[in-house]
>>> print(open('work-v8.pdb').read())   # PDB, C-alpha atoms
ATOM      1  CA  THR P   1     169.981  58.732 -65.946
ATOM      2  CA  LEU P   2     172.972  60.047 -64.015
ATOM      3  CA  PRO P   3     173.025  61.056 -60.346
ATOM      4  CA  THR P   4     172.656  64.729 -59.434
ATOM      5  CA  VAL P   5     175.775  66.853 -59.098
ATOM      6  CA  ASP P   6     175.664  66.772 -55.293
ATOM      7  CA  SER P   7     176.381  63.032 -55.403
ATOM      8  CA  TRP P   8     179.992  63.982 -56.129
ATOM      9  CA  GLN P   9     182.012  64.409 -52.930
ATOM     10  CA  VAL P  10     185.113  66.595 -52.878
ATOM     11  CA  LEU P  11     188.578  65.351 -51.987
ATOM     12  CA  SER P  12     190.129  68.692 -52.938
ATOM     13  CA  MET P  13     189.304  71.914 -54.782
ATOM     14  CA  ARG P  14     191.816  74.333 -56.302
ATOM     15  CA  LEU P  15     192.177  77.774 -57.863
ATOM     16  CA  THR P  16     195.441  78.378 -59.728
ATOM     17  CA  ALA P  17     196.595  81.724 -61.118
ATOM     18  CA  PHE P  18     199.674  82.496 -63.166
ATOM     19  CA  PRO P  19     200.866  86.089 -62.633
ATOM     20  CA  ALA P  20     201.986  88.222 -65.561
ATOM     21  CA  GLU P  21     205.312  88.940 -63.839
ATOM     22  CA  ALA P  22     207.332  87.257 -61.107
ATOM     23  CA  ILE P  23     206.010  88.347 -57.717
ATOM     24  CA  LYS P  24     207.569  88.631 -54.300
ATOM     25  CA  THR P  25     206.411  85.903 -51.954
ATOM     26  CA  GLU P  26     207.321  87.339 -48.552
ATOM     27  CA  GLY P  27     205.005  89.430 -46.388
ATOM     28  CA  ARG P  28     201.776  88.413 -48.071
ATOM     29  CA  SER P  29     198.629  89.539 -46.209
ATOM     30  CA  TRP P  30     196.127  87.805 -48.484
ATOM     31  CA  TRP P  31     195.222  85.166 -45.906
ATOM     32  CA  PRO P  32     194.308  87.437 -42.947
ATOM     33  CA  ASP P  33     192.704  89.998 -45.256
ATOM     34  CA  LEU P  34     190.382  87.451 -46.874
ATOM     35  CA  VAL P  35     189.868  84.873 -44.129
ATOM     36  CA  GLY P  36     189.694  87.353 -41.267
ATOM     37  CA  TYR P  37     192.305  85.741 -39.017
ATOM     38  CA  ASP P  38     195.882  84.515 -39.218
ATOM     39  CA  PRO P  39     196.726  81.056 -40.578
ATOM     40  CA  GLU P  40     197.725  78.279 -38.205
ATOM     41  CA  THR P  41     201.048  77.657 -39.938
ATOM     42  CA  VAL P  42     203.208  79.784 -42.220
ATOM     43  CA  VAL P  43     206.338  78.726 -44.090
ATOM     44  CA  SER P  44     208.177  81.534 -45.864
ATOM     45  CA  ARG P  45     211.330  81.031 -47.942
ATOM     46  CA  PRO P  46     211.963  84.353 -49.698
ATOM     47  CA  LYS P  47     215.279  83.271 -51.215
ATOM     48  CA  ALA P  48     213.638  80.218 -52.743
ATOM     49  CA  GLY P  49     210.619  82.267 -53.810
ATOM     50  CA  GLN P  50     208.140  80.203 -51.771
ATOM     51  CA  TYR P  51     205.368  81.049 -49.311
ATOM     52  CA  ARG P  52     202.840  78.691 -47.747
ATOM     53  CA  ALA P  53     200.008  79.429 -45.304
ATOM     54  CA  GLU P  54     197.605  76.847 -43.945
ATOM     55  CA  GLY P  55     194.703  76.724 -41.510
ATOM     56  CA  GLU P  56     191.035  75.940 -40.953
ATOM     57  CA  PHE P  57     188.266  77.668 -42.893
ATOM     58  CA  GLU P  58     184.601  76.774 -42.388
ATOM     59  CA  GLY P  59     185.467  73.304 -41.108
ATOM     60  CA  ARG P  60     187.931  72.493 -43.899
ATOM     61  CA  GLN P  61     191.657  72.864 -44.487
ATOM     62  CA  LEU P  62     192.592  75.927 -46.548
ATOM     63  CA  LEU P  63     196.014  76.199 -48.126
ATOM     64  CA  LEU P  64     197.610  79.180 -49.854
ATOM     65  CA  SER P  65     200.757  78.393 -51.825
ATOM     66  CA  VAL P  66     202.679  81.212 -53.515
ATOM     67  CA  ARG P  67     205.631  80.967 -55.866
ATOM     68  CA  ALA P  68     207.084  83.676 -58.034
ATOM     69  CA  ASP P  69     205.288  82.271 -61.092
ATOM     70  CA  ARG P  70     202.214  80.544 -59.604
ATOM     71  CA  ILE P  71     199.564  81.040 -56.913
ATOM     72  CA  ASP P  72     197.322  78.243 -55.576
ATOM     73  CA  TRP P  73     194.358  78.281 -53.225
ATOM     74  CA  ASN P  74     193.381  74.753 -52.104
ATOM     75  CA  LEU P  75     190.473  73.560 -49.977
ATOM     76  CA  ALA P  76     190.255  69.995 -48.638
ATOM     77  CA  ALA P  77     189.130  67.963 -45.647
ATOM     78  CA  ILE P  78     190.963  68.494 -42.380
ATOM     79  CA  GLY P  79     193.510  65.719 -41.912
ATOM     80  CA  LYS P  80     192.776  63.341 -39.051
ATOM     81  CA  ALA P  81     194.626  60.403 -37.602
ATOM     82  CA  LEU P  82     193.342  57.235 -39.238
ATOM     83  CA  GLU P  83     192.052  54.622 -36.848
ATOM     84  CA  GLU P  84     191.009  51.090 -37.670
ATOM     85  CA  GLU P  85     187.316  51.723 -36.992
ATOM     86  CA  SER P  86     187.013  55.146 -38.628
ATOM     87  CA  ALA P  87     189.430  55.338 -41.564
ATOM     88  CA  THR P  88     187.479  56.455 -44.633
ATOM     89  CA  LEU P  89     188.000  58.584 -47.697
ATOM     90  CA  PRO P  90     188.934  62.142 -46.572
ATOM     91  CA  LEU P  91     185.825  63.842 -47.961
ATOM     92  CA  SER P  92     185.178  67.535 -47.349
ATOM     93  CA  GLY P  93     181.547  67.687 -48.512
ATOM     94  CA  SER P  94     179.443  67.650 -51.658
ATOM     95  CA  PHE P  95     180.566  69.584 -54.734
ATOM     96  CA  PRO P  96     177.984  72.407 -54.348
ATOM     97  CA  GLU P  97     178.631  72.668 -50.599
ATOM     98  CA  VAL P  98     182.420  72.928 -50.842
ATOM     99  CA  LEU P  99     182.151  75.277 -53.817
ATOM    100  CA  GLY P 100     180.068  77.660 -51.705
ATOM    101  CA  SER P 101     182.922  77.980 -49.207
ATOM    102  CA  PHE P 102     185.591  78.128 -51.885
ATOM    103  CA  ILE P 103     184.004  81.048 -53.755
ATOM    104  CA  LYS P 104     184.033  83.108 -50.531
ATOM    105  CA  ILE P 105     187.833  83.168 -50.802
ATOM    106  CA  ALA P 106     188.362  83.090 -54.576
ATOM    107  CA  ASN P 107     186.193  85.987 -55.727
ATOM    108  CA  PRO P 108     187.341  88.555 -53.118
ATOM    109  CA  TRP P 109     190.957  87.632 -53.870
ATOM    110  CA  PHE P 110     190.638  88.948 -57.413
ATOM    111  CA  ALA P 111     190.345  92.475 -55.981
ATOM    112  CA  VAL P 112     193.892  92.243 -54.566
ATOM    113  CA  SER P 113     195.536  89.741 -56.918
ATOM    114  CA  PRO P 114     198.405  90.682 -59.252
ATOM    115  CA  PRO P 115     197.796  90.845 -63.033
ATOM    116  CA  ILE P 116     197.012  87.309 -64.248
ATOM    117  CA  THR P 117     197.691  85.680 -67.615
ATOM    118  CA  ARG P 118     196.065  82.278 -66.960
ATOM    119  CA  LEU P 119     193.445  80.993 -64.554
ATOM    120  CA  ALA P 120     192.467  77.421 -63.647
ATOM    121  CA  PHE P 121     189.797  75.769 -61.522
ATOM    122  CA  GLY P 122     190.465  72.183 -60.502
ATOM    123  CA  GLY P 123     189.171  69.517 -58.214
ATOM    124  CA  VAL P 124     189.198  65.841 -57.340
ATOM    125  CA  LEU P 125     185.683  64.441 -56.926
ATOM    126  CA  VAL P 126     184.522  60.970 -55.924
ATOM    127  CA  GLN P 127     181.257  59.058 -55.854
ATOM    128  CA  PRO P 128     181.295  56.210 -53.316
ATOM    129  CA  VAL P 129     179.964  52.953 -54.781
ATOM    130  CA  GLU P 130     179.383  49.445 -53.478
ATOM    131  CA  ASN P 131     182.301  47.728 -55.243
ATOM    132  CA  ARG P 132     184.606  47.861 -58.254
ATOM    133  CA  ARG P 133     182.029  46.479 -60.682
ATOM    134  CA  SER P 134     179.340  48.975 -59.688
ATOM    135  CA  GLY P 135     181.973  51.702 -60.032
ATOM    136  CA  TYR P 136     182.681  50.647 -63.632
ATOM    137  CA  VAL P 137     178.956  50.569 -64.411
ATOM    138  CA  ARG P 138     178.489  54.037 -62.901
ATOM    139  CA  ILE P 139     181.470  55.671 -64.569
ATOM    140  CA  GLY P 140     180.507  54.135 -67.906
ATOM    141  CA  GLY P 141     177.344  56.247 -67.814
ATOM    142  CA  TYR P 142     179.483  59.387 -67.798
ATOM    143  CA  LEU P 143     181.558  58.251 -70.796
ATOM    144  CA  PRO P 144     179.231  57.692 -73.772
ATOM    145  CA  SER P 145     182.138  57.383 -76.237
ATOM    146  CA  VAL P 146     183.839  54.592 -74.233
ATOM    147  CA  ALA P 147     182.761  50.937 -74.395
ATOM    148  CA  LEU P 148     183.603  49.800 -70.872
ATOM    149  CA  ASP P 149     183.172  46.157 -69.834
ATOM    150  CA  PRO P 150     182.496  46.187 -66.058
ATOM    151  CA  ASP P 151     183.234  42.465 -65.681
ATOM    152  CA  GLY P 152     186.287  42.055 -67.892
ATOM    153  CA  SER P 153     188.041  45.393 -67.261
ATOM    154  CA  SER P 154     190.473  46.639 -64.648
ATOM    155  CA  ASP P 155     193.008  49.445 -64.119
ATOM    156  CA  PHE P 156     190.814  51.812 -66.113
ATOM    157  CA  LEU P 157     191.963  55.411 -66.664
ATOM    158  CA  TYR P 158     190.423  57.756 -69.231
ATOM    159  CA  GLN P 159     191.842  61.226 -69.860
ATOM    160  CA  ILE P 160     190.705  63.782 -72.410
ATOM    161  CA  ASN P 161     190.825  67.520 -73.074
ATOM    162  CA  ARG P 162     187.925  69.165 -74.898
ATOM    163  CA  LEU P 163     188.480  72.792 -75.960
ATOM    164  CA  ARG P 164     185.690  75.357 -76.017
ATOM    165  CA  PRO P 165     185.632  79.078 -76.842
ATOM    166  CA  SER P 166     185.031  81.284 -73.825
ATOM    167  CA  LYS P 167     181.637  82.954 -73.472
ATOM    168  CA  THR P 168     182.981  85.864 -71.409
ATOM    169  CA  GLY P 169     183.367  88.111 -74.434
ATOM    170  CA  ILE P 170     187.176  88.139 -74.281
ATOM    171  CA  GLU P 171     188.503  87.852 -77.811
ATOM    172  CA  SER P 172     190.613  84.768 -78.648
ATOM    173  CA  LEU P 173     190.111  83.232 -75.190
ATOM    174  CA  HIS P 174     189.530  79.464 -75.176
ATOM    175  CA  ILE P 175     188.953  77.091 -72.285
ATOM    176  CA  ASN P 176     190.618  73.716 -71.800
ATOM    177  CA  ARG P 177     188.336  71.113 -70.226
ATOM    178  CA  LEU P 178     190.769  68.463 -69.028
ATOM    179  CA  THR P 179     189.234  65.484 -67.214
ATOM    180  CA  LYS P 180     190.545  62.197 -65.817
ATOM    181  CA  TRP P 181     188.111  59.366 -65.021
ATOM    182  CA  SER P 182     188.877  56.237 -63.008
ATOM    183  CA  VAL P 183     187.607  53.917 -60.272
ATOM    184  CA  LEU P 184     189.554  53.809 -57.038
ATOM    185  CA  LEU P 185     189.741  51.426 -54.108
ATOM    186  CA  PHE P 186     190.624  53.019 -50.781
ATOM    187  CA  HIS P 187     192.398  50.499 -48.535
ATOM    188  CA  ARG P 188     193.222  50.759 -44.838
ATOM    189  CA  PHE P 189     196.528  49.366 -43.651
ATOM    190  CA  SER P 190     198.258  48.906 -40.339
ATOM    191  CA  VAL P 191     202.001  49.559 -40.563
ATOM    192  CA  ALA P 192     204.455  48.165 -38.016
ATOM    193  CA  LEU P 193     207.999  49.538 -37.994
ATOM    194  CA  GLN P 194     210.635  47.102 -36.844
ATOM    195  CA  LYS P 195     214.403  47.225 -36.761
ATOM    196  CA  THR P 196     214.880  45.033 -39.804
ATOM    197  CA  ALA P 197     211.571  45.266 -41.687
ATOM    198  CA  ILE P 198     208.310  47.133 -42.251
ATOM    199  CA  THR P 199     205.163  45.033 -41.926
ATOM    200  CA  THR P 200     201.812  46.079 -43.415
ATOM    201  CA  VAL P 201     198.486  44.410 -42.690
ATOM    202  CA  GLY P 202     195.269  45.179 -44.582
ATOM    203  CA  LEU P 203     192.291  46.241 -42.472
ATOM    204  CA  GLY P 204     189.013  45.280 -44.128
ATOM    205  CA  SER P 205     188.050  45.316 -47.794
ATOM    206  CA  GLY P 206     188.261  49.104 -48.325
ATOM    207  CA  ASP P 207     185.968  51.604 -50.017
ATOM    208  CA  SER P 208     185.278  51.853 -53.759
ATOM    209  CA  ALA P 209     184.452  55.062 -55.582
ATOM    210  CA  CYS P 210     184.268  56.641 -59.021
ATOM    211  CA  ARG P 211     186.940  59.316 -59.330
ATOM    212  CA  LEU P 212     186.759  62.448 -61.478
ATOM    213  CA  GLU P 213     189.627  64.917 -61.669
ATOM    214  CA  VAL P 214     188.868  68.179 -63.455
ATOM    215  CA  ASP P 215     191.285  70.887 -64.580
ATOM    216  CA  ILE P 216     189.326  73.642 -66.332
ATOM    217  CA  ASN P 217     191.726  76.357 -67.445
ATOM    218  CA  THR P 218     192.225  79.223 -69.846
ATOM    219  CA  ALA P 219     194.298  78.050 -72.812
ATOM    220  CA  PRO P 220     197.974  79.085 -72.826
ATOM    221  CA  ASP P 221     197.792  80.510 -76.348
ATOM    222  CA  PHE P 222     195.919  83.588 -75.074
ATOM    223  CA  GLU P 223     198.248  86.570 -75.361
ATOM    224  CA  GLY P 224     198.313  89.304 -72.780
ATOM    225  CA  VAL P 225     196.783  89.801 -69.343
ATOM    226  CA  LEU P 226     193.287  88.653 -68.462
ATOM    227  CA  PRO P 227     191.100  91.740 -67.779
ATOM    228  CA  ALA P 228     190.958  92.246 -64.018
ATOM    229  CA  GLU P 229     187.263  93.127 -64.082
ATOM    230  CA  LYS P 230     186.536  89.880 -65.936
ATOM    231  CA  LEU P 231     188.301  87.505 -63.524
ATOM    232  CA  PRO P 232     185.148  86.662 -61.488
ATOM    233  CA  ASP P 233     183.291  85.980 -64.762
ATOM    234  CA  ILE P 234     186.105  83.745 -66.006
ATOM    235  CA  LEU P 235     186.129  81.770 -62.762
ATOM    236  CA  GLN P 236     182.351  81.399 -62.934
ATOM    237  CA  GLU P 237     182.671  80.021 -66.458
ATOM    238  CA  LEU P 238     185.326  77.533 -65.340
ATOM    239  CA  VAL P 239     183.140  76.440 -62.423
ATOM    240  CA  ASP P 240     180.068  76.104 -64.656
ATOM    241  CA  LEU P 241     182.006  73.888 -67.077
ATOM    242  CA  ALA P 242     183.215  71.702 -64.195
ATOM    243  CA  ARG P 243     179.636  71.430 -62.928
ATOM    244  CA  GLU P 244     178.427  70.503 -66.421
ATOM    245  CA  ILE P 245     180.989  67.694 -66.636
ATOM    246  CA  ALA P 246     180.073  66.407 -63.167
ATOM    247  CA  THR P 247     176.415  66.434 -64.192
ATOM    248  CA  LYS P 248     176.486  65.216 -67.817
ATOM    249  CA  GLY P 249     179.855  63.485 -68.131
ATOM    250  CA  ASP P 250     182.296  63.671 -71.048
ATOM    251  CA  ILE P 251     180.497  65.681 -73.733
ATOM    252  CA  PRO P 252     181.902  67.783 -76.635
TER     253      PRO P 252
END
>>> encode(input="work-v8.pdb", output="structure tokens")
Amino acid sequence: TLPTVDSWQVLSMRLTAFPAEAIKTEGRSWWPDLVGYDPETVVSRPKAGQYRAEGEFEGRQLLLSVRADRIDWNLAAIGKALEEESATLPLSGSFPEVLGSFIKIANPWFAVSPPITRLAFGGVLVQPVENRRSGYVRIGGYLPSVALDPDGSSDFLYQINRLRPSKTGIESLHINRLTKWSVLLFHRFSVALQKTAITTVGLGSGDSACRLEVDINTAPDFEGVLPAEKLPDILQELVDLAREIATKGDIP
């Protein structure tokens, strides 16, 4: 019996789109049009083909990154200064909760996005656990094809891609389900800068967590442009596959 999907907490969530043709990066109005107000910071380098806008959205940090050949929307926890008493994993909320905010930006963007050849939904999810051993026991439940020894194992990293045909009705479209599984230990350190050396001191034992990184994307062998009217359906399929993995683990 595995925990429910809302036991996964989000470190970051991402939508990536690859435009059919190189696009201009300057003067983009996507952020104010979709969010309803201007970003807090904007970095525009037209000659380098780069644009970056960042600000708060529903209590989280939203980032729009535009290059000539790639567009990313990212949602994560708002960065805060780490203090000895309060430094913890920078969690932005449960998977369903963060997804609810993320979809408010992603779906409306498809109405103004350029023609897209590939689409990807990604995220880094964690489940806090008591210690390393309990993390190995927990993550082993998500990996039925892996014999994981929680007492005699360390430095575990499992990565796999499982291809599936798309159910959106688009001919020859397949979906990559790339996942990376591991157990992390989040340490807190105090760093002292001196003239001749840098001194670091550990603060406490740290936090342990199961870590799941998902990259659910349309396969690159699809030829042509993804139908604009189908983009919300494609994203929904990518999200559903990510939710299935977070719920059932690594399954064919």
>>> resolve_selection(input="work-v8.pdb", expression="the PyMOL selection byres ((chain P and resi 24) around 10)", output="list in words")
Glu21, Ala22, Ile23, Thr25, Glu26, Gly27, Arg28, Pro46, Lys47, Gly49, Gln50, Tyr51, Val66, Arg67, Ala68 and Asp69 of chain P
>>> resolve_selection(input="work-v8.pdb", expression="the PyMOL selection byres ((chain P and resi 173) around 12)", output="ChimeraX atom specification")
/P:117-119,163-172,174-176,217-227,230,234,237
>>> atom_distance(input="work-v8.pdb", atom1="CA of Leu2 (chain P)", atom2="CA of Asp215 (chain P)")
21.3 Å
>>> atom_distance(input="work-v8.pdb", atom1="CA of Leu231 (chain P)", atom2="CA of Trp181 (chain P)")
28.2 Å
>>> closest_residue(input="work-v8.pdb", among="P:Pro32, P:Gly93, P:Pro150, P:Gly135", to="Ser12 (chain P)", atoms="all atoms listed in the file")
P:Gly93
>>> atom_distance(input="work-v8.pdb", atom1="CA of Ala246 (chain P)", atom2="CA of Leu125 (chain P)")
8.6 Å
>>> resolve_selection(input="work-v8.pdb", expression="the PyMOL selection byres ((chain P and resi 232) around 10)", output="list in words")
Ile103, Ala106, Asn107, Pro108, Trp109, Phe110, Ala111, Ala228, Glu229, Lys230, Leu231, Asp233, Ile234, Leu235, Gln236, Glu237 and Leu238 of chain P
>>> write_last_selection(input="work-v8.pdb", atoms="C-alpha atoms", output="short mmCIF file (atom, residue, chain, number, x, y, z; two decimals), keeping the file's coordinate frame")
data_model
loop_
_atom_site.label_atom_id
_atom_site.label_comp_id
_atom_site.auth_asym_id
_atom_site.auth_seq_id
_atom_site.Cartn_x
_atom_site.Cartn_y
_atom_site.Cartn_z
CA ILE P 103 184.00 81.05 -53.76
CA ALA P 106 188.36 83.09 -54.58
CA ASN P 107 186.19 85.99 -55.73
CA PRO P 108 187.34 88.56 -53.12
CA TRP P 109 190.96 87.63 -53.87
CA PHE P 110 190.64 88.95 -57.41
CA ALA P 111 190.34 92.48 -55.98
CA ALA P 228 190.96 92.25 -64.02
CA GLU P 229 187.26 93.13 -64.08
CA LYS P 230 186.54 89.88 -65.94
CA LEU P 231 188.30 87.50 -63.52
CA ASP P 233 183.29 85.98 -64.76
CA ILE P 234 186.10 83.74 -66.01
CA LEU P 235 186.13 81.77 -62.76
CA GLN P 236 182.35 81.40 -62.93
CA GLU P 237 182.67 80.02 -66.46
CA LEU P 238 185.33 77.53 -65.34
#
>>> axis_aligned_box(input="work-v8.pdb", around="region 158-169 of chain P", padding_each_side="3 Å", output="lines of an AutoDock Vina configuration file")
center_x = 186.7
center_y = 72.9
center_z = -73.0
size_x = 16.2
size_y = 36.4
size_z = 13.6
>>> residues_around(input="work-v8.pdb", residues="Leu99 (chain P)", least_positions_apart="5", cutoff="9 Å", atoms="all atoms listed in the file", output="PyMOL selection string")
chain P and resi 13+94+104+239
>>> write_last_selection(input="work-v8.pdb", atoms="C-alpha atoms", output="PDB file, in the frame of the given file")
ATOM      1  CA  MET P  13     189.304  71.914 -54.782  1.00  0.00           C
ATOM      2  CA  SER P  94     179.443  67.650 -51.658  1.00  0.00           C
ATOM      3  CA  LYS P 104     184.033  83.108 -50.531  1.00  0.00           C
ATOM      4  CA  VAL P 239     183.140  76.440 -62.423  1.00  0.00           C
TER       5      VAL P 239
END
>>> residues_around(input="work-v8.pdb", residues="Lys180 (chain P)", least_positions_apart="4", cutoff="8 Å", atoms="all atoms listed in the file", output="JSON, numbers by chain")
{"P": [157, 158, 159, 160, 211, 212, 213, 214]}
>>> residues_near_point(input="work-v8.pdb", point="(183.5, 65.4, -64.7)", cutoff="10 Å", atoms="all atoms listed in the file", output="CSV table (one decimal) with C-alpha atoms, in the coordinates of the input")
chain,number,residue,atom,x,y,z
P,5,VAL,CA,175.8,66.9,-59.1
P,8,TRP,CA,180.0,64.0,-56.1
P,123,GLY,CA,189.2,69.5,-58.2
P,124,VAL,CA,189.2,65.8,-57.3
P,125,LEU,CA,185.7,64.4,-56.9
P,126,VAL,CA,184.5,61.0,-55.9
P,139,ILE,CA,181.5,55.7,-64.6
P,142,TYR,CA,179.5,59.4,-67.8
P,143,LEU,CA,181.6,58.3,-70.8
P,177,ARG,CA,188.3,71.1,-70.2
P,178,LEU,CA,190.8,68.5,-69.0
P,179,THR,CA,189.2,65.5,-67.2
P,180,LYS,CA,190.5,62.2,-65.8
P,181,TRP,CA,188.1,59.4,-65.0
P,211,ARG,CA,186.9,59.3,-59.3
P,212,LEU,CA,186.8,62.4,-61.5
P,213,GLU,CA,189.6,64.9,-61.7
P,214,VAL,CA,188.9,68.2,-63.5
P,215,ASP,CA,191.3,70.9,-64.6
P,241,LEU,CA,182.0,73.9,-67.1
P,242,ALA,CA,183.2,71.7,-64.2
P,243,ARG,CA,179.6,71.4,-62.9
P,244,GLU,CA,178.4,70.5,-66.4
P,245,ILE,CA,181.0,67.7,-66.6
P,246,ALA,CA,180.1,66.4,-63.2
P,247,THR,CA,176.4,66.4,-64.2
P,248,LYS,CA,176.5,65.2,-67.8
P,249,GLY,CA,179.9,63.5,-68.1
P,250,ASP,CA,182.3,63.7,-71.0
P,251,ILE,CA,180.5,65.7,-73.7
>>> residues_around(input="work-v8.pdb", residues="Ala209 (chain P)", least_positions_apart="6", cutoff="7 Å", atoms="all atoms listed in the file", output="VMD selection string")
chain P and resid 126 to 129 135 183 to 185
>>> closest_residue(input="work-v8.pdb", among="P:Phe121, P:Thr16, P:Pro252, P:Thr41", to="Ser145 (chain P)", atoms="all atoms listed in the file")
P:Pro252
>>> closest_residue(input="work-v8.pdb", among="P:Asp207, P:Asp33, P:Glu58, P:Asp240", to="Glu97 (chain P)", atoms="only C-alpha atoms")
P:Glu58
>>> residues_near_point(input="work-v8.pdb", point="(184.7, 60.4, -50.2)", cutoff="6 Å", atoms="only C-alpha atoms", output="PyMOL selection string")
chain P and resi 9+89-91+126
>>> write_last_selection(input="work-v8.pdb", atoms="C-alpha atoms", output="short mmCIF file (atom, residue, chain, number, x, y, z; two decimals), in the frame of the given file")
data_model
loop_
_atom_site.label_atom_id
_atom_site.label_comp_id
_atom_site.auth_asym_id
_atom_site.auth_seq_id
_atom_site.Cartn_x
_atom_site.Cartn_y
_atom_site.Cartn_z
CA GLN P 9 182.01 64.41 -52.93
CA LEU P 89 188.00 58.58 -47.70
CA PRO P 90 188.93 62.14 -46.57
CA LEU P 91 185.82 63.84 -47.96
CA VAL P 126 184.52 60.97 -55.92
#
>>> closest_residue(input="work-v8.pdb", among="P:Ser65, P:Ser7, P:Ser182, P:Asn74", to="Gly140 (chain P)", atoms="all atoms listed in the file")
P:Ser182
>>> closest_residue(input="work-v8.pdb", among="P:Ala77, P:Leu34, P:Leu11, P:Val137", to="Gln61 (chain P)", atoms="only C-alpha atoms")
P:Ala77
